[in-house]
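Coordinates from protein37.cif are shown below (mmCIF, C-alpha atoms).
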```cif
data_protein
#
loop_
_atom_site.label_atom_id
_atom_site.label_comp_id
_atom_site.auth_asym_id
_atom_site.auth_seq_id
_atom_site.Cartn_x
_atom_site.Cartn_y
_atom_site.Cartn_z
CA MET A 758 0.00 0.00 0.00
CA LEU A 759 1.09 3.53 -0.77
CA ILE A 760 -0.01 6.67 1.08
CA LEU A 761 -0.50 9.48 -1.42
CA SER A 762 0.70 12.71 0.16
CA CYS A 763 1.97 14.65 -2.86
CA PRO A 764 -0.51 17.47 -3.66
CA SER A 765 -0.11 17.04 -7.42
CA LYS A 766 -0.84 13.31 -7.18
CA LEU A 767 -3.89 13.95 -5.01
CA GLN A 768 -5.18 16.48 -7.53
CA LEU A 769 -4.65 13.97 -10.31
CA LEU A 770 -6.44 11.29 -8.29
CA GLU A 771 -9.41 13.60 -7.79
CA GLY A 772 -9.74 14.03 -11.54
CA ILE A 773 -9.42 10.29 -12.17
CA LEU A 774 -12.07 9.47 -9.57
CA ARG A 775 -14.40 12.10 -11.01
CA LYS A 776 -14.42 10.21 -14.30
CA SER A 777 -15.82 7.15 -12.49
CA LEU A 778 -18.69 8.89 -10.72
CA PRO A 779 -21.12 7.91 -9.28
CA GLN A 780 -19.38 4.70 -8.13
CA THR A 781 -16.61 6.79 -6.59
CA LEU A 782 -18.84 9.31 -4.79
CA SER A 783 -17.66 8.64 -1.22
CA VAL A 784 -13.94 8.34 -2.05
CA HIS A 785 -14.08 11.27 -4.46
CA GLY A 786 -15.74 13.46 -1.82
CA ALA A 787 -13.11 12.53 0.75
CA VAL A 788 -10.30 13.34 -1.69
CA MET A 789 -11.92 16.66 -2.58
CA HIS A 790 -11.97 17.65 1.10
CA ILE A 791 -8.34 16.51 1.48
CA ASN A 792 -7.38 18.74 -1.44
CA ARG A 793 -9.24 21.69 0.11
CA GLY A 794 -7.69 21.95 3.53
CA ASN A 795 -8.31 18.40 4.79
CA PRO A 796 -10.69 19.36 7.63
CA ALA A 797 -11.22 15.71 8.67
CA GLU A 798 -7.47 14.99 8.63
CA HIS A 799 -7.85 12.00 6.32
CA GLU A 800 -5.29 10.34 4.08
CA VAL A 801 -5.42 8.30 0.87
CA LEU A 802 -4.05 4.82 0.27
CA VAL A 803 -3.70 3.09 -3.10
CA ASP A 804 -2.36 -0.33 -4.01
CA SER A 805 -0.09 1.19 -6.66
CA TRP A 806 0.43 4.44 -8.55
CA PRO A 807 -0.54 5.70 -11.04
CA ASN A 808 -2.32 2.57 -12.29
CA PHE A 809 -4.16 1.80 -9.08
CA LYS A 810 -6.76 -0.93 -8.70
CA ALA A 811 -8.15 0.11 -5.31
CA VAL A 812 -8.38 3.29 -3.23
CA LEU A 813 -9.05 3.64 0.47
CA THR A 814 -9.39 6.84 2.48
CA ARG A 815 -9.00 6.77 6.24
CA PRO A 816 -8.36 9.08 9.19
CA ARG A 817 -4.73 9.67 9.98
CA ARG A 818 -3.48 7.42 12.75
CA GLU A 819 -2.95 10.36 15.10
CA VAL A 820 -6.65 11.26 14.69
CA ALA A 821 -8.12 7.78 15.09
CA THR A 822 -6.97 7.32 18.68
CA ASP A 823 -10.22 6.07 20.22
CA ASP A 824 -10.63 2.40 19.32
CA SER A 825 -14.38 2.47 20.08
CA ASP A 826 -15.27 5.57 18.02
CA PHE A 827 -16.59 4.37 14.67
CA PHE A 828 -17.89 7.87 13.93
CA THR A 829 -14.34 9.20 13.67
CA ASN A 830 -12.82 5.95 12.40
CA MET A 831 -14.44 6.26 8.98
CA TYR A 832 -13.12 4.89 5.69
CA ALA A 833 -14.26 5.19 2.08
CA ALA A 834 -13.46 2.60 -0.58
CA PHE A 835 -13.46 2.17 -4.34
CA TYR A 836 -11.93 -0.57 -6.46
CA HIS A 837 -11.38 -1.53 -10.09
CA ASP A 838 -10.31 -5.02 -9.00
CA HIS A 839 -12.28 -6.61 -6.18
CA ASP A 840 -9.56 -9.16 -5.36
CA VAL A 841 -7.02 -6.38 -4.89
CA TYR A 842 -9.40 -4.52 -2.57
CA GLN A 843 -10.07 -7.72 -0.62
CA THR A 844 -6.35 -8.24 -0.15
CA ILE A 845 -5.84 -4.65 1.02
CA LEU A 846 -8.65 -4.97 3.52
CA GLN A 847 -7.70 -8.36 4.88
CA ASP A 848 -3.95 -8.82 4.44
CA THR A 849 -2.37 -5.39 4.96
CA ASP A 850 -2.29 -2.85 7.78
CA ALA A 851 -4.46 -0.39 5.83
CA VAL A 852 -7.29 -0.99 8.32
CA LYS A 853 -6.83 -1.13 12.07
CA TRP A 854 -8.94 -4.18 12.93
CA ALA A 855 -8.53 -3.68 16.68
CA GLN A 856 -10.77 -0.63 16.32
CA SER A 857 -14.46 -0.15 15.70
CA PHE A 858 -14.73 1.52 12.30
CA ARG A 859 -17.04 2.01 9.34
CA ILE A 860 -16.50 1.79 5.61
CA HIS A 861 -18.57 3.67 3.02
CA GLY A 862 -18.81 2.68 -0.64
CA HIS A 863 -21.11 2.55 -3.64
CA GLN A 864 -20.18 -0.92 -4.92
CA ASP A 865 -21.78 -4.16 -3.76
CA GLY A 866 -18.34 -5.72 -3.40
CA ILE A 867 -17.56 -3.32 -0.56
CA TYR A 868 -19.94 -5.26 1.66
CA GLU A 869 -18.77 -8.65 0.37
CA ALA A 870 -15.14 -7.81 1.11
CA SER A 871 -16.00 -6.66 4.64
CA ARG A 872 -18.08 -9.78 5.25
CA ASP A 873 -15.26 -12.12 4.24
CA ALA A 874 -12.49 -10.15 5.97
CA ALA A 875 -14.53 -9.81 9.17
CA ALA A 876 -15.10 -13.56 9.27
CA ALA A 877 -11.35 -14.14 8.97
CA LYS A 878 -10.57 -11.51 11.61
CA GLN A 879 -13.37 -12.61 13.96
CA VAL A 880 -14.93 -9.18 13.86
CA GLN A 881 -18.64 -8.42 13.92
CA ILE A 882 -20.16 -6.30 11.17
CA SER A 883 -23.37 -4.30 10.99
CA PRO A 884 -24.16 -3.43 7.36
CA SER A 885 -26.68 -0.80 6.26
CA SER A 886 -27.74 0.24 2.77
CA PHE A 887 -29.00 3.63 1.65
CA PHE A 888 -30.52 5.13 -1.47
CA THR A 889 -28.19 7.67 -3.05
CA TYR A 890 -29.67 10.76 -4.71
CA LEU A 891 -27.51 12.75 -7.14
CA HIS A 892 -28.49 16.08 -8.68
CA PRO A 893 -27.91 16.10 -12.47
CA ASP A 894 -27.78 19.91 -12.73
CA PRO A 895 -27.66 21.94 -9.49
CA ASN A 896 -28.03 25.15 -11.51
CA LYS A 897 -31.64 24.14 -12.17
CA MET A 898 -32.69 23.70 -8.55
CA ARG A 899 -35.98 25.39 -7.71
CA MET A 900 -35.54 28.70 -5.92
CA HIS A 901 -37.41 29.37 -2.68
CA GLN A 902 -37.76 32.60 -0.69
CA LEU A 903 -37.24 32.85 3.05
CA ASP A 904 -39.74 34.61 5.31
CA PRO A 905 -38.21 38.00 6.29
CA SER A 906 -38.78 37.21 9.97
CA LEU A 907 -36.33 34.29 9.71
CA ARG A 908 -32.58 34.30 9.16
CA LEU A 909 -30.36 32.03 7.06
CA SER A 910 -27.12 31.30 8.90
CA THR A 911 -24.48 28.65 9.56
CA LEU A 912 -24.34 26.20 12.45
CA ASN A 913 -22.12 26.81 15.48
CA SER A 914 -21.06 24.92 18.58
CA SER A 915 -24.13 26.00 20.54
CA HIS A 916 -26.29 23.93 18.15
CA VAL A 917 -24.49 20.61 18.60
CA ASP A 918 -26.65 19.34 21.47
CA LEU A 919 -29.86 19.80 19.47
CA LEU A 920 -28.33 18.11 16.42
CA ASP A 921 -27.31 15.15 18.53
CA GLU A 922 -30.70 14.90 20.25
CA THR A 923 -32.58 14.83 16.95
CA TRP A 924 -30.23 12.56 14.98
CA ALA A 925 -31.31 8.93 14.63
CA TYR A 926 -27.73 7.84 15.38
CA GLY A 927 -27.12 10.37 18.14
CA GLY A 928 -27.16 10.12 21.88
CA SER A 929 -23.56 9.19 22.65
CA GLU A 930 -20.32 10.98 23.43
CA HIS A 931 -18.92 9.79 20.11
CA SER A 932 -21.88 10.95 18.03
CA ARG A 933 -21.78 14.35 19.69
CA GLY A 934 -18.06 14.66 19.06
CA TYR A 935 -18.55 13.73 15.41
CA LEU A 936 -21.30 16.33 14.95
CA ALA A 937 -19.18 18.94 16.71
CA THR A 938 -16.41 18.26 14.19
CA LEU A 939 -18.81 18.62 11.27
CA VAL A 940 -20.19 21.89 12.60
CA ARG A 941 -16.71 23.26 13.26
CA SER A 942 -15.00 22.15 10.06
CA PHE A 943 -17.49 21.51 7.24
CA PRO A 944 -19.99 23.63 5.31
CA SER A 945 -23.44 24.00 6.86
CA ARG A 946 -26.56 26.13 6.57
CA CYS A 947 -29.44 26.63 8.97
CA ILE A 948 -32.51 28.76 9.63
CA LEU A 949 -32.99 30.69 12.86
CA ASP A 950 -36.28 32.17 14.01
CA SER A 951 -36.68 35.80 15.14
CA SER A 952 -35.36 34.95 18.60
CA GLY A 953 -32.30 33.13 17.21
CA ARG A 954 -33.67 29.64 17.87
CA LEU A 955 -32.44 26.93 15.52
CA ILE A 956 -35.35 25.39 13.59
CA SER A 957 -33.87 23.72 10.47
CA TRP A 958 -30.43 22.69 9.24
CA SER A 959 -28.23 20.65 6.89
CA LEU A 960 -24.50 19.92 6.64
CA CYS A 961 -21.85 18.48 4.36
CA ASP A 962 -20.07 15.39 5.66
CA PRO A 963 -16.42 14.25 5.23
CA PHE A 964 -17.38 12.37 2.04
CA GLY A 965 -18.93 15.42 0.39
CA ALA A 966 -22.51 14.27 0.94
CA LEU A 967 -25.42 16.41 2.10
CA ALA A 968 -26.23 15.03 5.53
CA HIS A 969 -28.14 15.51 8.77
CA GLY A 970 -30.94 17.49 7.12
CA TYR A 971 -33.62 18.16 9.75
CA THR A 972 -36.47 20.53 10.58
CA LEU A 973 -38.12 20.65 13.97
CA PRO A 974 -41.53 18.92 13.67
CA GLU A 975 -43.58 22.02 14.45
CA TYR A 976 -41.94 23.89 11.54
CA ARG A 977 -42.28 21.26 8.84
CA GLY A 978 -44.22 21.73 5.63
CA ARG A 979 -42.95 25.28 5.06
CA GLY A 980 -40.08 24.53 2.68
CA TYR A 981 -37.31 25.45 5.13
CA LEU A 982 -35.10 22.48 4.27
CA SER A 983 -35.46 23.35 0.58
CA ILE A 984 -34.20 26.87 1.28
CA ILE A 985 -31.28 25.56 3.32
CA ASN A 986 -30.24 23.00 0.72
CA GLN A 987 -30.57 25.60 -2.01
CA ALA A 988 -27.97 27.74 -0.21
CA LEU A 989 -25.69 24.84 0.72
CA VAL A 990 -25.85 23.32 -2.76
CA LYS A 991 -24.94 26.66 -4.33
CA TYR A 992 -21.81 26.82 -2.17
CA LEU A 993 -20.77 23.20 -2.71
CA HIS A 994 -21.44 23.29 -6.46
CA ALA A 995 -19.31 26.43 -6.81
CA SER A 996 -16.51 24.52 -5.05
CA GLY A 997 -16.78 21.66 -7.55
CA PHE A 998 -18.53 19.05 -5.39
CA PRO A 999 -21.09 16.68 -6.92
CA ILE A 1000 -24.40 17.24 -5.16
CA TYR A 1001 -25.58 14.04 -3.54
CA GLY A 1002 -26.95 12.55 -0.36
CA ASN A 1003 -27.70 9.14 1.11
CA VAL A 1004 -31.17 8.39 2.47
CA ALA A 1005 -32.29 5.47 4.63
CA LEU A 1006 -34.41 2.94 2.76
CA ASP A 1007 -37.35 3.52 5.10
CA ASN A 1008 -37.15 7.34 5.18
CA VAL A 1009 -39.90 7.99 2.66
CA ARG A 1010 -40.29 11.64 3.66
CA MET A 1011 -36.67 12.46 2.82
CA GLN A 1012 -36.85 10.40 -0.36
CA ASN A 1013 -39.82 12.47 -1.49
CA LEU A 1014 -38.00 15.69 -0.63
CA ASN A 1015 -34.97 14.67 -2.69
CA GLU A 1016 -37.19 13.96 -5.67
CA HIS A 1017 -38.89 17.33 -5.16
CA TRP A 1018 -35.46 18.99 -5.27
CA GLY A 1019 -34.74 17.35 -8.63
CA GLN A 1020 -32.33 14.73 -7.29
CA GLN A 1021 -32.17 11.44 -9.17
CA ARG A 1022 -32.05 8.14 -7.30
CA LEU A 1023 -29.10 6.01 -8.39
CA ALA A 1024 -29.53 2.33 -9.17
CA ALA A 1025 -26.61 1.39 -6.90
CA LEU A 1026 -26.99 1.62 -3.15
CA CYS A 1027 -24.55 3.21 -0.75
CA HIS A 1028 -23.24 0.60 1.69
CA ILE A 1029 -22.05 1.56 5.16
CA ILE A 1030 -20.56 -1.29 7.17
CA ILE A 1031 -19.73 -0.88 10.84
CA HIS A 1032 -17.00 -3.25 12.07
CA THR A 1033 -16.71 -4.03 15.78
CA PRO A 1034 -14.13 -6.28 17.44
CA LYS A 1035 -16.03 -9.01 19.28
CA SER A 1036 -14.33 -8.12 22.54
CA SER A 1037 -15.82 -4.61 22.19
CA ALA A 1038 -19.26 -5.55 20.88
CA VAL A 1039 -22.27 -4.93 23.04
CA SER A 1040 -24.20 -8.16 23.53
#
```

What does this structure look like when you write it as structure tokens?
Amino acid sequence: MLILSCPSKLQLLEGILRKSLPQTLSVHGAVMHINRGNPAEHEVLVDSWPNFKAVLTRPRREVATDDSDFFTNMYAAFYHDHDVYQTILQDTDAVKWAQSFRIHGHQDGIYEASRDAAAAKQVQISPSSFFTYLHPDPNKMRMHQLDPSLRLSTLNSSHVDLLDETWAYGGSEHSRGYLATLVRSFPSRCILDSSGRLISWSLCDPFGALAHGYTLPEYRGRGYLSIINQALVKYLHASGFPIYGNVALDNVRMQNLNEHWGQQRLAALCHIIIHTPKSSAVS
């Protein structure tokens, strides 16, 4: 395995991955962030260069210090050759198997490789699949106007508790820390009411996806999330990011919203696999 640290090689990799969208969405988004300040402090591994057959992004070792924090210990994968990816996952030190971690990818073989490697390593896995929605032309997104009594803003540290309370995967020290990092280091937009209360929000995650979109229940049905995404998409699109998001298979409301925004559902699912050493797993 090679760690790509040369800026020119990382820029070249970004362009190569862009040609293989949408299969490369997660890895491409991670590389884009790395090339734009690296707010998540990730790094890129390839089996060879320049004719690579597999790519893996991961947090730098000095960042991934908590073996139980699979929110921080996040990887993204893409391969041209599944056998090469399987070997990287199972037979090299690219992944720290003593940790709990998660891998994101838009190829079915991502799950298969984790399943086989986890069996060999005696590690438990918890796989989830999501619909991925990609906007074909963000310049054609419908425009919405905000009520003058409300204010469009960005999230700050005072909002983290509410984000964690309302997130389906929240409620832990690790989830709160992850959200705090997103708020501090990644693009976000939100709507505040006349008293400054947070009522709706959305963020960009370390893989370049729109994430954590939420409106307080009493404020739903007023198009606030559409206004927020309109502003966030404009910023991300101007920075060169593909506009996409992953939606849970049972979240019909968010699926309908994505279709309303003009997003197109991809045929391939996004796979997120959480890996947990059996000694750390909760029975």

Show me, as a Markdown table, the residues of range 845-911 of chain A having an atom within 6 Å of range 932-948 of chain A, each with the closest atom pair and its distance in Å, using all atoms listed in the file.
```
| residue | atom | partner | partner_atom | distance |
| --- | --- | --- | --- | --- |
| A:Arg908 | CA | A:Ile948 | CA | 5.6 |
| A:Leu909 | CA | A:Ile948 | CA | 4.7 |
| A:Ser910 | CA | A:Cys947 | CA | 5.2 |
| A:Thr911 | CA | A:Arg946 | CA | 4.4 |
```

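Evaluating the PyMOL selection byres ((chain A and resi 872-879) around 9) against the shown model yields A:Gln843, A:Thr844, A:Leu846, A:Gln847, A:Asp848, A:Trp854, A:Ile867, A:Tyr868, A:Glu869, A:Ala870, A:Ser871, A:Val880, A:Gln881, A:Ile882, A:His1032, A:Pro1034, A:Lys1035.
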
Would you kindly return, as a ChimeraX atom specification, each protein, DNA or RNA residue with an atom no farther than 12 Å from any atom of Leu982 in chain A, considering only C-alpha atoms and excluding same-chain residues fewer than 2 positions away? /A:900-903,909,946-948,956-960,967-974,976-980,984-990,1011,1014-1015,1017-1018

Identify the residues around (-23.2, 20.1, -7.6) within a radius of 12 Å, measuring from all atoms listed in the file in the coordinates stated by the file, and give them as a ChimeraX atom specification. /A:782,786,890-898,965-967,986-1002,1019-1020

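Distances from A:Ser783, A:Thr849, A:Ser762, A:Gln768 to Asp804 in chain A were compared using all atoms listed in the file, and the smallest one belongs to A:Thr849.
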
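Shortest separation to Tyr926 in chain A among A:Tyr981, A:Phe828, A:Thr889, A:His863 occurs at residue A:Phe828, atoms counted being all atoms listed in the file.
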